[in-house]
$ cat final_35.txt   # compact mmCIF, C-alpha atoms (C1' of nucleotides)
# COMPACT_ATOMS: atom_id res chain seq x y z
CA MET A 1 -11.03 35.73 -24.44
CA ALA A 2 -9.67 32.39 -23.46
CA ASP A 3 -10.86 30.62 -20.36
CA THR A 4 -7.71 31.14 -18.36
CA ALA A 5 -9.41 32.97 -15.53
CA ALA A 6 -10.06 31.82 -11.97
CA PRO A 7 -10.87 28.17 -11.45
CA THR A 8 -14.37 27.14 -12.47
CA LYS A 9 -16.66 25.47 -9.95
CA LYS A 10 -16.33 22.38 -12.10
CA GLN A 11 -12.55 22.48 -11.76
CA GLU A 12 -12.84 23.03 -8.03
CA ILE A 13 -14.95 19.90 -7.71
CA ILE A 14 -12.53 17.89 -9.82
CA ALA A 15 -9.57 19.11 -7.78
CA GLN A 16 -11.30 18.13 -4.56
CA ALA A 17 -12.27 14.68 -5.86
CA TYR A 18 -8.82 14.14 -7.34
CA ASP A 19 -6.95 13.61 -4.09
CA ALA A 20 -9.90 12.05 -2.30
CA PHE A 21 -10.06 9.26 -4.88
CA TYR A 22 -6.30 9.03 -5.25
CA ASP A 23 -5.74 8.50 -1.54
CA GLY A 24 -8.94 6.69 -0.64
CA GLY A 25 -9.79 4.62 -3.69
CA PHE A 26 -12.84 4.95 -5.89
CA HIS A 27 -15.33 2.46 -4.48
CA ALA A 28 -14.15 3.03 -0.93
CA THR A 29 -14.64 6.79 -1.08
CA GLY A 30 -18.22 8.03 -1.02
CA ILE A 31 -19.50 11.24 -2.54
CA ASP A 32 -20.09 12.69 0.91
CA THR A 33 -16.52 11.95 1.88
CA VAL A 34 -15.23 13.45 -1.36
CA MET A 35 -16.91 16.77 -0.71
CA ALA A 36 -16.57 16.90 3.06
CA ASN A 37 -15.13 20.21 4.34
CA SER A 38 -14.77 21.54 0.82
CA GLY A 39 -17.57 24.11 0.87
CA ILE A 40 -19.07 22.43 -2.17
CA SER A 41 -22.59 21.13 -1.82
CA LYS A 42 -23.71 17.80 -3.18
CA ARG A 43 -26.37 19.51 -5.24
CA THR A 44 -23.82 21.54 -7.15
CA LEU A 45 -21.72 18.45 -7.68
CA TYR A 46 -24.61 16.54 -9.22
CA LYS A 47 -25.45 19.54 -11.35
CA TYR A 48 -22.10 19.29 -13.11
CA PHE A 49 -21.61 15.53 -12.84
CA PRO A 50 -24.84 13.51 -13.13
CA SER A 51 -23.25 10.45 -11.53
CA LYS A 52 -20.23 9.42 -9.52
CA GLU A 53 -18.87 7.64 -12.58
CA ASP A 54 -19.07 10.87 -14.58
CA LEU A 55 -17.06 12.61 -11.89
CA ILE A 56 -14.47 9.84 -11.92
CA GLU A 57 -14.09 10.11 -15.68
CA ALA A 58 -13.61 13.86 -15.37
CA VAL A 59 -10.97 13.30 -12.68
CA LEU A 60 -9.16 10.84 -14.92
CA GLU A 61 -9.23 13.26 -17.83
CA GLN A 62 -7.67 15.87 -15.57
CA TYR A 63 -5.10 13.27 -14.53
CA GLY A 64 -4.21 12.75 -18.18
CA GLU A 65 -3.69 16.46 -18.68
CA ASP A 66 -1.59 16.65 -15.53
CA THR A 67 0.57 13.84 -16.84
CA ASP A 68 1.36 15.93 -19.90
CA THR A 69 1.89 19.08 -17.88
CA PHE A 70 3.98 17.77 -15.03
CA LEU A 71 5.66 14.69 -16.51
CA PHE A 72 6.09 14.77 -20.28
CA LYS A 73 6.58 18.48 -20.93
CA PRO A 74 9.22 18.93 -18.20
CA ALA A 75 11.01 15.79 -19.37
CA PHE A 76 11.12 17.00 -22.96
CA ALA A 77 12.36 20.38 -21.78
CA ARG A 78 15.36 18.93 -19.98
CA SER A 79 17.22 17.92 -23.10
CA ASP A 80 17.01 17.59 -26.85
CA ASP A 81 18.50 14.11 -26.85
CA PRO A 82 15.71 11.51 -26.91
CA CYS A 83 17.68 9.10 -24.72
CA GLU A 84 18.15 11.81 -22.15
CA GLN A 85 14.45 12.58 -22.40
CA ILE A 86 13.64 8.94 -21.68
CA LEU A 87 15.77 9.01 -18.58
CA ALA A 88 14.22 12.33 -17.60
CA LEU A 89 10.80 10.65 -17.64
CA PHE A 90 12.01 8.13 -15.08
CA ASP A 91 13.68 10.89 -13.09
CA ILE A 92 10.63 13.09 -12.89
CA ARG A 93 8.31 10.21 -12.14
CA GLN A 94 10.61 9.34 -9.27
CA GLU A 95 10.52 12.92 -8.02
CA MET A 96 6.73 12.85 -8.13
CA MET A 97 6.71 9.62 -6.18
CA SER A 98 9.12 11.04 -3.62
CA LYS A 99 6.66 13.81 -2.86
CA ASN A 100 3.63 11.56 -2.90
CA CYS A 101 4.21 7.83 -3.06
CA ARG A 102 1.28 6.90 -5.27
CA GLY A 103 0.92 4.82 -8.42
CA CYS A 104 -0.94 5.66 -11.60
CA LEU A 105 -4.43 6.92 -10.83
CA ALA A 106 -5.86 5.83 -14.18
CA MET A 107 -4.66 2.26 -13.78
CA LYS A 108 -5.91 2.21 -10.22
CA ALA A 109 -9.31 3.15 -11.62
CA GLY A 110 -8.98 0.60 -14.38
CA GLN A 111 -8.32 -2.16 -11.86
CA GLU A 112 -11.42 -1.22 -9.91
CA TYR A 113 -13.76 -0.84 -12.89
CA ILE A 114 -12.65 -3.50 -15.36
CA GLY A 115 -15.77 -5.42 -16.35
CA LYS A 116 -17.98 -2.95 -14.50
CA HIS A 117 -17.76 0.39 -16.28
CA ASP A 118 -16.26 0.43 -19.73
CA GLY A 119 -15.64 4.18 -19.89
CA ILE A 120 -13.55 4.21 -16.73
CA ALA A 121 -11.77 0.94 -17.50
CA ALA A 122 -10.83 2.36 -20.90
CA ARG A 123 -9.02 5.22 -19.18
CA GLY A 124 -6.74 2.71 -17.52
CA LYS A 125 -5.97 1.02 -20.79
CA ASP A 126 -5.51 4.39 -22.49
CA ALA A 127 -3.00 5.47 -19.87
CA SER A 128 -0.97 2.30 -20.37
CA VAL A 129 -1.05 2.63 -24.16
CA TYR A 130 -0.40 6.38 -24.13
CA VAL A 131 2.86 6.14 -22.18
CA GLU A 132 3.94 3.29 -24.44
CA ARG A 133 3.32 5.41 -27.51
CA ARG A 134 5.38 8.27 -26.16
CA PHE A 135 8.27 5.88 -25.51
CA ILE A 136 7.94 4.62 -29.09
CA GLU A 137 8.18 8.16 -30.45
CA LEU A 138 11.30 8.78 -28.39
CA CYS A 139 12.96 5.53 -29.42
CA GLU A 140 12.24 6.25 -33.06
CA LYS A 141 13.65 9.76 -32.71
CA ALA A 142 16.74 8.18 -31.18
CA GLY A 143 17.11 6.09 -34.34
CA LEU A 144 17.04 2.74 -32.56
CA LYS A 145 16.80 -0.28 -34.83
CA ASN A 146 14.00 -2.07 -33.01
CA ALA A 147 12.46 1.08 -31.64
CA THR A 148 9.00 -0.29 -30.94
CA ASP A 149 10.16 -3.30 -29.02
CA THR A 150 12.64 -1.34 -26.93
CA ALA A 151 10.02 1.27 -26.19
CA ARG A 152 7.57 -1.35 -24.99
CA GLN A 153 10.27 -2.79 -22.73
CA LEU A 154 10.85 0.65 -21.24
CA ASN A 155 7.13 1.00 -20.73
CA LEU A 156 7.01 -2.20 -18.69
CA LEU A 157 9.86 -0.95 -16.53
CA PHE A 158 8.13 2.38 -16.09
CA GLN A 159 4.81 0.94 -15.04
CA GLY A 160 6.43 -1.78 -12.97
CA ALA A 161 8.43 0.79 -11.05
CA ALA A 162 5.34 2.88 -10.37
CA LEU A 163 3.50 -0.16 -9.04
CA ALA A 164 6.35 -1.68 -7.03
CA GLY A 165 7.29 1.74 -5.69
CA GLN A 166 3.77 2.25 -4.45
CA MET A 167 3.53 -1.22 -2.94
CA GLN A 168 6.86 -0.97 -1.17
CA GLN A 169 6.41 2.73 -0.44
CA ASP A 170 9.86 3.34 -1.84
CA PRO A 171 10.61 5.59 -4.84
CA GLY A 172 14.09 4.06 -4.88
CA VAL A 173 12.90 1.39 -7.27
CA PHE A 174 13.26 4.02 -9.99
CA ASP A 175 17.01 3.94 -9.47
CA VAL A 176 16.84 0.25 -10.33
CA ALA A 177 14.65 1.00 -13.33
CA LYS A 178 17.01 3.66 -14.63
CA ARG A 179 19.96 1.26 -14.58
CA ALA A 180 17.87 -1.18 -16.61
CA VAL A 181 16.98 1.61 -19.03
CA HIS A 182 20.68 2.27 -19.68
CA ILE A 183 21.25 -1.39 -20.46
CA LEU A 184 18.24 -1.74 -22.74
CA LEU A 185 19.07 1.43 -24.65
CA ALA A 186 22.68 0.37 -25.05
CA ALA A 187 21.62 -3.02 -26.37
CA ALA A 188 19.18 -1.50 -28.84
CA MET B 1 -2.79 -38.31 9.35
CA ALA B 2 -2.24 -35.09 7.44
CA ASP B 3 -5.09 -32.83 6.57
CA THR B 4 -5.25 -33.81 2.93
CA ALA B 5 -8.87 -34.95 3.03
CA ALA B 6 -11.93 -33.27 1.56
CA PRO B 7 -11.99 -29.49 1.56
CA THR B 8 -12.84 -27.86 4.86
CA LYS B 9 -15.76 -25.48 5.09
CA LYS B 10 -13.19 -22.77 5.71
CA GLN B 11 -11.42 -23.64 2.46
CA GLU B 12 -14.72 -23.70 0.61
CA ILE B 13 -15.47 -20.19 1.78
CA ILE B 14 -12.01 -18.97 0.79
CA ALA B 15 -12.31 -20.57 -2.63
CA GLN B 16 -15.67 -18.90 -3.20
CA ALA B 17 -14.40 -15.49 -2.06
CA TYR B 18 -11.21 -15.84 -4.07
CA ASP B 19 -12.71 -15.39 -7.51
CA ALA B 20 -15.45 -13.05 -6.33
CA PHE B 21 -12.86 -10.58 -5.05
CA TYR B 22 -10.45 -11.19 -7.91
CA ASP B 23 -13.06 -10.41 -10.55
CA GLY B 24 -15.16 -7.87 -8.68
CA GLY B 25 -12.69 -6.03 -6.46
CA PHE B 26 -12.66 -5.91 -2.70
CA HIS B 27 -14.64 -2.82 -1.77
CA ALA B 28 -17.00 -3.24 -4.70
CA THR B 29 -17.93 -6.82 -3.80
CA GLY B 30 -20.18 -7.26 -0.79
CA ILE B 31 -20.33 -10.26 1.48
CA ASP B 32 -23.75 -11.19 0.14
CA THR B 33 -22.44 -11.12 -3.40
CA VAL B 34 -19.42 -13.19 -2.41
CA MET B 35 -21.56 -16.00 -1.03
CA ALA B 36 -24.46 -15.81 -3.47
CA ASN B 37 -25.42 -19.19 -4.99
CA SER B 38 -22.67 -20.95 -3.08
CA GLY B 39 -24.78 -22.84 -0.54
CA ILE B 40 -22.76 -21.17 2.20
CA SER B 41 -24.70 -19.13 4.72
CA LYS B 42 -23.53 -15.81 6.03
CA ARG B 43 -23.69 -17.14 9.58
CA THR B 44 -21.13 -19.84 8.83
CA LEU B 45 -18.91 -17.34 7.09
CA TYR B 46 -18.85 -15.02 10.10
CA LYS B 47 -18.20 -17.99 12.34
CA TYR B 48 -14.89 -18.65 10.60
CA PHE B 49 -14.05 -15.08 9.63
CA PRO B 50 -15.15 -12.46 12.18
CA SER B 51 -14.92 -9.65 9.61
CA LYS B 52 -14.67 -9.08 5.89
CA GLU B 53 -11.08 -7.97 6.34
CA ASP B 54 -10.24 -11.27 8.02
CA LEU B 55 -11.70 -13.11 5.04
CA ILE B 56 -9.68 -10.97 2.65
CA GLU B 57 -6.48 -11.72 4.53
CA ALA B 58 -7.25 -15.43 4.39
CA VAL B 59 -7.88 -15.16 0.65
CA LEU B 60 -4.56 -13.39 0.18
CA GLU B 61 -2.75 -16.04 2.18
CA GLN B 62 -4.26 -18.67 -0.09
CA TYR B 63 -3.17 -16.56 -3.05
CA GLY B 64 0.38 -16.65 -1.75
CA GLU B 65 0.29 -20.43 -1.47
CA ASP B 66 -1.16 -20.69 -4.96
CA THR B 67 1.68 -18.55 -6.27
CA ASP B 68 4.15 -21.08 -4.93
CA THR B 69 2.13 -24.04 -6.18
CA PHE B 70 1.23 -22.87 -9.65
CA LEU B 71 4.01 -20.42 -10.51
CA PHE B 72 7.28 -20.99 -8.69
CA LYS B 73 7.28 -24.76 -8.31
CA PRO B 74 6.41 -25.47 -11.96
CA ALA B 75 9.00 -22.91 -13.10
CA PHE B 76 11.72 -24.50 -11.00
CA ALA B 77 10.72 -27.93 -12.31
CA ARG B 78 11.17 -26.97 -15.94
CA SER B 79 14.96 -26.71 -15.77
CA ASP B 80 17.96 -26.75 -13.49
CA ASP B 81 19.51 -23.71 -15.09
CA PRO B 82 18.58 -20.59 -13.08
CA CYS B 83 18.39 -18.42 -16.20
CA GLU B 84 15.98 -20.89 -17.76
CA GLN B 85 14.01 -20.86 -14.53
CA ILE B 86 13.76 -17.09 -14.68
CA LEU B 87 12.39 -17.26 -18.18
CA ALA B 88 10.04 -20.05 -17.11
CA LEU B 89 8.57 -17.70 -14.51
CA PHE B 90 7.69 -15.23 -17.23
CA ASP B 91 6.40 -18.05 -19.43
CA ILE B 92 4.11 -19.51 -16.80
CA ARG B 93 2.85 -16.14 -15.68
CA GLN B 94 1.97 -15.47 -19.29
CA GLU B 95 0.13 -18.79 -19.53
CA MET B 96 -1.83 -17.93 -16.41
CA MET B 97 -2.74 -14.58 -17.86
CA SER B 98 -3.80 -16.18 -21.14
CA LYS B 99 -6.35 -18.28 -19.27
CA ASN B 100 -7.47 -15.46 -17.03
CA CYS B 101 -6.25 -11.98 -17.82
CA ARG B 102 -5.87 -10.71 -14.27
CA GLY B 103 -3.07 -8.95 -12.41
CA CYS B 104 -1.68 -9.74 -8.99
CA LEU B 105 -4.47 -10.15 -6.43
CA ALA B 106 -2.30 -9.15 -3.48
CA MET B 107 -1.21 -5.89 -5.10
CA LYS B 108 -4.77 -5.19 -6.13
CA ALA B 109 -5.71 -5.55 -2.47
CA GLY B 110 -2.73 -3.43 -1.45
CA GLN B 111 -3.86 -0.62 -3.74
CA GLU B 112 -7.34 -0.66 -2.22
CA TYR B 113 -6.25 -0.86 1.42
CA ILE B 114 -3.08 1.22 1.65
CA GLY B 115 -3.58 3.61 4.53
CA LYS B 116 -6.81 1.91 5.54
CA HIS B 117 -5.95 -1.59 6.78
CA ASP B 118 -2.34 -2.31 7.53
CA GLY B 119 -2.66 -6.10 7.52
CA ILE B 120 -4.09 -6.23 4.03
CA ALA B 121 -1.80 -3.51 2.68
CA ALA B 122 1.18 -5.45 4.01
CA ARG B 123 0.15 -8.44 1.88
CA GLY B 124 0.58 -6.29 -1.22
CA LYS B 125 4.01 -5.17 -0.14
CA ASP B 126 4.95 -8.72 0.83
CA ALA B 127 3.96 -10.01 -2.58
CA SER B 128 6.13 -7.43 -4.29
CA VAL B 129 9.10 -8.14 -2.03
CA TYR B 130 8.65 -11.90 -2.16
CA VAL B 131 8.87 -12.13 -5.94
CA GLU B 132 11.89 -9.84 -5.85
CA ARG B 133 13.61 -12.12 -3.35
CA ARG B 134 13.04 -15.17 -5.50
CA PHE B 135 14.59 -13.38 -8.47
CA ILE B 136 17.56 -12.48 -6.29
CA GLU B 137 18.06 -16.14 -5.32
CA LEU B 138 17.96 -17.16 -8.96
CA CYS B 139 20.38 -14.47 -10.09
CA GLU B 140 22.79 -15.43 -7.34
CA LYS B 141 22.55 -19.08 -8.29
CA ALA B 142 23.31 -18.03 -11.86
CA GLY B 143 26.49 -16.42 -10.58
CA LEU B 144 25.73 -12.98 -11.92
CA LYS B 145 28.07 -10.24 -10.78
CA ASN B 146 25.45 -7.70 -9.73
CA ALA B 147 22.84 -10.30 -8.89
CA THR B 148 20.68 -8.17 -6.64
CA ASP B 149 20.38 -5.28 -9.01
CA THR B 150 19.64 -7.46 -12.00
CA ALA B 151 17.05 -9.36 -10.01
CA ARG B 152 15.30 -6.16 -9.01
CA GLN B 153 15.26 -5.10 -12.65
CA LEU B 154 13.63 -8.40 -13.59
CA ASN B 155 11.11 -7.89 -10.83
CA LEU B 156 10.06 -4.54 -12.26
CA LEU B 157 9.59 -6.12 -15.67
CA PHE B 158 7.59 -8.94 -14.14
CA GLN B 159 5.24 -6.73 -12.21
CA GLY B 160 5.01 -4.20 -15.02
CA ALA B 161 4.00 -6.91 -17.47
CA ALA B 162 1.34 -8.21 -15.11
CA LEU B 163 -0.10 -4.74 -14.71
CA ALA B 164 0.14 -3.63 -18.34
CA GLY B 165 -1.17 -7.01 -19.50
CA GLN B 166 -4.19 -6.62 -17.29
CA MET B 167 -4.81 -3.03 -18.35
CA GLN B 168 -4.49 -3.76 -22.06
CA GLN B 169 -6.10 -7.19 -21.68
CA ASP B 170 -3.21 -8.66 -23.60
CA PRO B 171 -0.84 -11.34 -22.26
CA GLY B 172 1.41 -10.60 -25.23
CA VAL B 173 3.24 -8.00 -23.18
CA PHE B 174 5.11 -10.92 -21.63
CA ASP B 175 6.75 -11.58 -24.99
CA VAL B 176 8.13 -8.07 -24.76
CA ALA B 177 9.20 -8.67 -21.18
CA LYS B 178 11.01 -11.88 -22.06
CA ARG B 179 13.06 -10.17 -24.74
CA ALA B 180 14.09 -7.58 -22.15
CA VAL B 181 14.98 -10.39 -19.74
CA HIS B 182 17.38 -11.87 -22.30
CA ILE B 183 19.08 -8.51 -22.73
CA LEU B 184 19.37 -7.79 -19.02
CA LEU B 185 20.71 -11.26 -18.24
CA ALA B 186 23.23 -11.05 -21.07
CA ALA B 187 24.41 -7.67 -19.84
CA ALA B 188 24.81 -8.91 -16.28
C1' DG C 1 -35.62 46.95 -5.20
C1' DA C 2 -37.31 42.88 -7.97
C1' DC C 3 -35.47 39.05 -10.15
C1' DA C 4 -33.05 35.18 -11.89
C1' DA C 5 -28.92 32.54 -11.42
C1' DT C 6 -25.85 30.19 -8.56
C1' DG C 7 -24.61 28.51 -4.62
C1' DT C 8 -24.75 26.03 0.47
C1' DA C 9 -26.74 23.21 4.00
C1' DA C 10 -29.31 19.54 5.27
C1' DA C 11 -33.24 16.55 5.30
C1' DC C 12 -34.70 12.83 2.81
C1' DC C 13 -35.20 8.33 -0.24
C1' DG C 14 -34.48 3.63 -1.44
C1' DA C 15 -30.86 0.49 -1.94
C1' DT C 16 -26.96 -1.81 -0.16
C1' DC C 17 -23.38 -2.51 3.18
C1' DT C 18 -21.34 -5.26 7.31
C1' DG C 19 -22.71 -7.93 10.84
C1' DT C 20 -26.35 -10.35 14.21
C1' DT C 21 -30.09 -13.06 15.34
C1' DT C 22 -33.87 -16.30 15.01
C1' DA C 23 -35.71 -20.49 13.36
C1' DC C 24 -35.25 -24.64 11.10
C1' DT C 25 -32.69 -28.83 9.04
C1' DT C 26 -29.44 -32.46 9.07
C1' DG C 27 -26.41 -35.83 10.52
C1' DT C 28 -24.15 -38.52 14.34
C1' DG C 29 -22.90 -40.85 18.64
C1' DG C 30 -24.30 -42.82 23.07
C1' DC D 1 -34.56 -41.75 21.08
C1' DC D 2 -32.40 -37.97 22.32
C1' DA D 3 -28.74 -34.53 22.68
C1' DC D 4 -25.66 -31.97 20.33
C1' DA D 5 -22.78 -30.03 16.73
C1' DA D 6 -22.83 -27.85 12.30
C1' DG D 7 -25.11 -26.22 8.81
C1' DT D 8 -28.80 -23.25 5.72
C1' DA D 9 -32.10 -19.69 4.99
C1' DA D 10 -33.80 -15.46 5.93
C1' DA D 11 -35.30 -11.65 8.72
C1' DC D 12 -33.33 -8.00 11.04
C1' DA D 13 -30.41 -3.81 12.68
C1' DG D 14 -27.76 0.30 12.10
C1' DA D 15 -24.76 2.63 9.11
C1' DT D 16 -23.56 4.28 4.69
C1' DC D 17 -24.15 4.46 -0.19
C1' DG D 18 -25.62 7.25 -4.57
C1' DG D 19 -28.78 10.51 -5.67
C1' DT D 20 -32.99 13.97 -4.97
C1' DT D 21 -35.39 17.54 -2.93
C1' DT D 22 -36.53 21.41 -0.01
C1' DA D 23 -35.28 25.66 1.99
C1' DC D 24 -32.38 29.42 2.35
C1' DA D 25 -28.26 32.71 1.33
C1' DT D 26 -25.59 35.26 -1.86
C1' DT D 27 -24.81 37.37 -6.00
C1' DG D 28 -24.91 40.68 -10.07
C1' DT D 29 -28.16 43.18 -13.22
C1' DC D 30 -31.87 45.72 -15.17
$ encode --input "final_35.txt" --output "structure tokens"
Amino acid sequence: MADTAAPTKKQEIIAQAYDAFYDGGFHATGIDTVMANSGISKRTLYKYFPSKEDLIEAVLEQYGEDTDTFLFKPAFARSDDPCEQILALFDIRQEMMSKNCRGCLAMKAGQEYIGKHDGIAARGKDASVYVERRFIELCEKAGLKNATDTARQLNLLFQGAALAGQMQQDPGVFDVAKRAVHILLAAA
Amino acid sequence: MADTAAPTKKQEIIAQAYDAFYDGGFHATGIDTVMANSGISKRTLYKYFPSKEDLIEAVLEQYGEDTDTFLFKPAFARSDDPCEQILALFDIRQEMMSKNCRGCLAMKAGQEYIGKHDGIAARGKDASVYVERRFIELCEKAGLKNATDTARQLNLLFQGAALAGQMQQDPGVFDVAKRAVHILLAAA
DNA sequence: GACAATGTAAACCGATCTGTTTACTTGTGG
DNA sequence: CCACAAGTAAACAGATCGGTTTACATTGTC
């Protein structure tokens, strides 16, 4: 049978660490803080994750899966038109930010661990490249002439909006981004 | 006489902390690490800056001044045409990133201290808003119809390129950004 | 009911953190 | 020559860090 049953202890730990790191930062949040009032003992944590860095990598992997589940799949489901799907990505990201005004967790980790822990830093780079690649696929499906370049432009808007929105604590920047998307797609 | 003489001890400390925090992160870099091999004693540091957070705020203020000195002023000096000045901003930011592939220090600090230290977090927001305001001034000077909106779009590209460039360790993303700038300006 | 597996709670370890204090050195001005 | 301001170097203090260990509780199973 598939492993679709109740959440594993491992998944519980990841879920707990997820928000603790997201809200508190990685270096600033200690292991004790991560597991406080969670009913999970430090011993169990270190049984599944030999080091804090291992836990962080697991959290970032979960974050990647969540990005597919809650961002890309819903966006693709909203329409069959690739241009509409692109706009849906900005829409859904804005909705996510309206609920919880946070940037990209993987890039946050990358910023903290660049030059210090290659595995974690690579997750930040991967996140940036991954979103770019999905935009490229969509632009190609839309039959744009310079699909790659347009897609990379969209990617910069997307990541810029996530960062500026977090800094200014205002998801409204995605409205600005979406107007730019219309222009860039029309010009391509 | 103006205070243009030799660097103050205070400025020395800030200069030392500047790169230590930029390269190592704020929470991850301890005071001892900051001042190691600098010939500056911890006692002197705490004489001028009563806490680490005070030092960080001073570093970020210096960062703001540096942004004016090494980014905005040179960009404005390159041309009198506001559209050329906008492109010069992207050009110079790319040159800075080619020498040292780092993102925005103030937003890095903002990410680490949002919800933890309002003074520092505000510096991140201020940085984001400040750049946006300068773009607005330039777009208005260029006589664009929807100056504000276009400026905010440029701002997202600018900040997105700084972030993605840092993540991917590739200043080439600014070439992508500049092509988008041309399109957005032409459409406005 | 014995037993092994899995878990919690909490004491513990050495290192490191922010911040303070003590002791010494080095000009510099009257 | 002495007083004083400003500095370095380093020991120190209490808290917290990542990580380990000890002791105990809860399971399901043969």
$ residues_around --input "final_35.txt" --residues "segment 14-20 of chain D" --least-positions-apart "6" --cutoff "9 Å" --atoms "only C-alpha atoms (C1' of nucleotides)" --output "count of residues only"
13
$ closest_residue --input "final_35.txt" --among "B:Ala77, B:Ile56, B:Leu184, B:Met97" --to "Gly110 of chain B" --atoms "all atoms listed in the file"
B:Ile56
$ atom_distance --input "final_35.txt" --atom1 "atom CA of Tyr113 of chain A" --atom2 "atom CA of Ile136 of chain A"
27.6 Å
$ closest_atom_pairs --input "final_35.txt" --of "chain C" --to "chain A" --cutoff "12 Å" --atoms "all atoms listed in the file" --output "Markdown table"
| residue | atom | partner | partner_atom | distance |
| --- | --- | --- | --- | --- |
| C:DT6 | C1' | A:Thr44 | CA | 9.0 |
| C:DG7 | C1' | A:Thr44 | CA | 7.5 |
| C:DT8 | C1' | A:Ser41 | CA | 5.8 |
| C:DA9 | C1' | A:Ser41 | CA | 7.4 |
| C:DA10 | C1' | A:Ser41 | CA | 9.9 |
| C:DC17 | C1' | A:Ala28 | CA | 11.5 |
$ interface_residues --input "final_35.txt" --of "chain D" --to "chain B" --cutoff "9 Å" --atoms "all atoms listed in the file" --output "list in words"
DA6, DG7, DT8 and DA9 of chain D
$ write_last_selection --input "final_35.txt" --atoms "C-alpha atoms (C1' of nucleotides)" --output "compact mmCIF listing (two decimals), in the frame of the given file"
# COMPACT_ATOMS: atom_id res chain seq x y z
C1' DA D 6 -22.83 -27.85 12.30
C1' DG D 7 -25.11 -26.22 8.81
C1' DT D 8 -28.80 -23.25 5.72
C1' DA D 9 -32.10 -19.69 4.99
$ atom_distance --input "final_35.txt" --atom1 "atom CA of Gln11 of chain A" --atom2 "atom CA of Thr29 of chain A"
19.1 Å
$ residues_near_point --input "final_35.txt" --point "(10.9, 8.2, -18.7)" --cutoff "10 Å" --atoms "only C-alpha atoms (C1' of nucleotides)" --output "number ranges by chain"
A: 71-72, 75-76, 83-94, 131, 134-135, 138, 154-155, 157-158, 174, 177-178, 181
$ interface_residues --input "final_35.txt" --of "chain B" --to "chain A" --cutoff "9 Å" --atoms "only C-alpha atoms" --output "VMD selection string"
chain B and resid 23 to 28 103 107 to 108 110 to 116 121 to 122 124 to 129 149 to 150 152 to 164 166 to 169 173 176 to 177 179 to 180 183 to 184 187
$ atom_distance --input "final_35.txt" --atom1 "atom CA of Ser79 of chain B" --atom2 "atom CA of Tyr63 of chain B"
24.4 Å
$ residues_around --input "final_35.txt" --residues "DA11 of chain D" --least-positions-apart "5" --cutoff "12 Å" --atoms "all atoms listed in the file" --output "list of chain:residue names"
C:DT20, C:DT21, C:DT22, C:DA23
$ residues_around --input "final_35.txt" --residues "DT29 of chain D" --least-positions-apart "2" --cutoff "10 Å" --atoms "all atoms listed in the file" --output "list in words"
DC3 and DA4 of chain C; DT27 of chain D
$ build_atoms --input "final_35.txt" --residues "segment 121-132 of chain A" --atoms "N, CA and C atoms" --output "compact mmCIF listing (two decimals), keeping the file's coordinate frame"
# COMPACT_ATOMS: atom_id res chain seq x y z
N ALA A 121 -12.80 1.95 -17.24
CA ALA A 121 -11.77 0.94 -17.50
C ALA A 121 -10.93 1.33 -18.71
N ALA A 122 -11.57 1.96 -19.70
CA ALA A 122 -10.83 2.36 -20.90
C ALA A 122 -9.77 3.40 -20.58
N ARG A 123 -10.02 4.22 -19.56
CA ARG A 123 -9.02 5.22 -19.18
C ARG A 123 -7.75 4.56 -18.67
N GLY A 124 -7.92 3.43 -17.98
CA GLY A 124 -6.74 2.71 -17.52
C GLY A 124 -5.94 2.16 -18.67
N LYS A 125 -6.65 1.54 -19.61
CA LYS A 125 -5.97 1.02 -20.79
C LYS A 125 -5.32 2.16 -21.57
N ASP A 126 -6.04 3.25 -21.75
CA ASP A 126 -5.51 4.39 -22.49
C ASP A 126 -4.21 4.90 -21.87
N ALA A 127 -4.20 4.97 -20.54
CA ALA A 127 -3.00 5.47 -19.87
C ALA A 127 -1.81 4.57 -20.18
N SER A 128 -2.06 3.25 -20.11
CA SER A 128 -0.97 2.30 -20.37
C SER A 128 -0.47 2.43 -21.80
N VAL A 129 -1.41 2.54 -22.74
CA VAL A 129 -1.05 2.63 -24.16
C VAL A 129 -0.40 3.98 -24.48
N TYR A 130 -0.88 5.03 -23.84
CA TYR A 130 -0.40 6.38 -24.13
C TYR A 130 1.09 6.51 -23.79
N VAL A 131 1.45 6.06 -22.60
CA VAL A 131 2.86 6.14 -22.18
C VAL A 131 3.72 5.31 -23.14
N GLU A 132 3.21 4.13 -23.49
CA GLU A 132 3.94 3.29 -24.44
C GLU A 132 4.20 4.02 -25.75
